[in-house]
>>> print(open('data-v9.cif').read())   # mmCIF, C-alpha atoms
data_input
#
loop_
_atom_site.label_atom_id
_atom_site.label_comp_id
_atom_site.auth_asym_id
_atom_site.auth_seq_id
_atom_site.Cartn_x
_atom_site.Cartn_y
_atom_site.Cartn_z
CA MET A 1 101.85 114.23 94.48
CA LYS A 2 105.10 115.24 92.90
CA ALA A 3 105.36 118.14 90.46
CA SER A 4 105.12 115.72 87.51
CA ASN A 5 101.55 114.90 88.61
CA LYS A 6 102.39 111.20 88.49
CA PRO A 7 101.71 109.47 91.78
CA THR A 8 104.64 108.00 93.66
CA LEU A 9 104.74 104.27 94.33
CA SER A 10 103.75 104.99 97.91
CA GLU A 11 100.75 107.03 96.76
CA LYS A 12 99.71 104.28 94.32
CA ILE A 13 99.78 101.62 97.02
CA ARG A 14 97.87 103.81 99.48
CA SER A 15 95.29 104.75 96.86
CA ILE A 16 94.66 101.17 95.75
CA ARG A 17 94.40 100.02 99.37
CA ALA A 18 91.88 102.78 100.13
CA THR A 19 89.88 102.01 96.97
CA ARG A 20 89.63 98.39 98.05
CA GLY A 21 88.47 99.51 101.50
CA PHE A 22 91.39 97.83 103.25
CA SER A 23 92.99 99.24 106.37
CA GLN A 24 96.72 99.09 107.03
CA GLU A 25 95.91 96.74 109.89
CA TYR A 26 94.08 94.36 107.54
CA ILE A 27 97.01 94.24 105.11
CA ALA A 28 99.45 93.80 107.99
CA LYS A 29 97.49 90.82 109.35
CA LYS A 30 97.52 89.20 105.91
CA LEU A 31 101.30 89.70 105.78
CA HIS A 32 101.77 88.48 109.38
CA ILE A 33 103.44 91.74 110.43
CA THR A 34 102.45 94.62 112.67
CA GLN A 35 100.48 97.60 111.42
CA GLN A 36 103.49 99.79 112.20
CA SER A 37 105.71 97.61 110.00
CA TYR A 38 103.20 97.77 107.16
CA SER A 39 102.93 101.53 107.55
CA LEU A 40 106.68 101.78 106.98
CA CYS A 41 106.37 99.52 103.93
CA GLU A 42 103.73 101.81 102.51
CA LYS A 43 105.71 104.97 103.28
CA MET A 44 108.95 103.55 101.87
CA PRO A 45 107.97 100.82 99.39
CA GLU A 46 111.45 100.88 97.87
CA LYS A 47 112.62 99.19 101.10
CA MET A 48 110.22 96.24 100.63
CA THR A 49 111.58 92.93 99.44
CA VAL A 50 110.32 91.68 96.10
CA ASP A 51 108.58 88.83 97.90
CA ARG A 52 106.74 91.20 100.23
CA MET A 53 105.81 93.48 97.32
CA LYS A 54 104.36 90.47 95.47
CA LYS A 55 102.31 89.56 98.55
CA VAL A 56 101.00 93.12 98.86
CA CYS A 57 100.04 93.04 95.18
CA ALA A 58 98.23 89.73 95.66
CA ILE A 59 96.26 91.14 98.60
CA LEU A 60 95.43 94.29 96.63
CA ASP A 61 94.60 92.21 93.53
CA VAL A 62 96.92 94.20 91.29
CA LYS A 63 99.75 93.02 89.05
CA LEU A 64 103.22 93.99 90.20
CA CYS A 65 104.11 95.36 86.77
CA ASP A 66 100.99 97.56 86.78
CA LEU A 67 101.94 98.94 90.15
CA LEU A 68 105.56 99.62 89.27
CA TYR A 69 105.22 100.96 85.76
CA ASP A 70 103.13 103.73 84.30
CA TYR A 71 101.79 102.70 80.90
CA GLN A 72 100.05 105.99 80.13
#
>>> encode(input="data-v9.cif", output="structure tokens")
Amino acid sequence: MKASNKPTLSEKIRSIRATRGFSQEYIAKKLHITQQSYSLCEKMPEKMTVDRMKKVCAILDVKLCDLLYDYQ
């Protein structure tokens, strides 16, 4: 985590995926991409298209706005 103690977008995605018990391979199959491609998406989510980010959110069952913004 960064010094601010707020998780990065990458850390949020990884954490939610792990909490749901999903592997990168599972998410990749749902997105019709390779595990390696999904790994890059997770490492650098800012490079994902909005459409792909929406699909990841749907798979993870999380709202895009909740993922992107910190309401605390």
>>> resolve_selection(input="data-v9.cif", expression="the PyMOL selection byres ((chain A and resi 24) around 7)", output="list of chain:residue names")
A:Phe22, A:Ser23, A:Glu25, A:Tyr26, A:Ile27, A:Ala28, A:Gln35, A:Tyr38, A:Ser39
>>> resolve_selection(input="data-v9.cif", expression="the PyMOL selection byres ((chain A and resi 52-58) around 9)", output="VMD selection string")
chain A and resid 13 27 30 to 31 41 45 48 to 51 59 to 64 67
>>> atom_distance(input="data-v9.cif", atom1="CA of Asn5 in chain A", atom2="CA of Tyr69 in chain A")
14.7 Å
>>> atom_distance(input="data-v9.cif", atom1="CA of Leu40 in chain A", atom2="CA of Thr8 in chain A")
14.8 Å
>>> closest_residue(input="data-v9.cif", among="A:Met44, A:Ser37, A:Leu68, A:His32", to="Ser10 in chain A", atoms="only C-alpha atoms")
A:Met44
>>> atom_distance(input="data-v9.cif", atom1="CA of Arg17 in chain A", atom2="CA of Glu46 in chain A")
17.1 Å
>>> closest_residue(input="data-v9.cif", among="A:Arg14, A:Pro7, A:Cys65, A:Thr19", to="Lys43 in chain A", atoms="only C-alpha atoms")
A:Arg14
>>> axis_aligned_box(input="data-v9.cif", around="range 26-35 of chain A", padding_each_side="5 Å", output="lines of an AutoDock Vina configuration file")
center_x = 98.8
center_y = 93.0
center_z = 108.9
size_x = 19.4
size_y = 19.1
size_z = 17.6
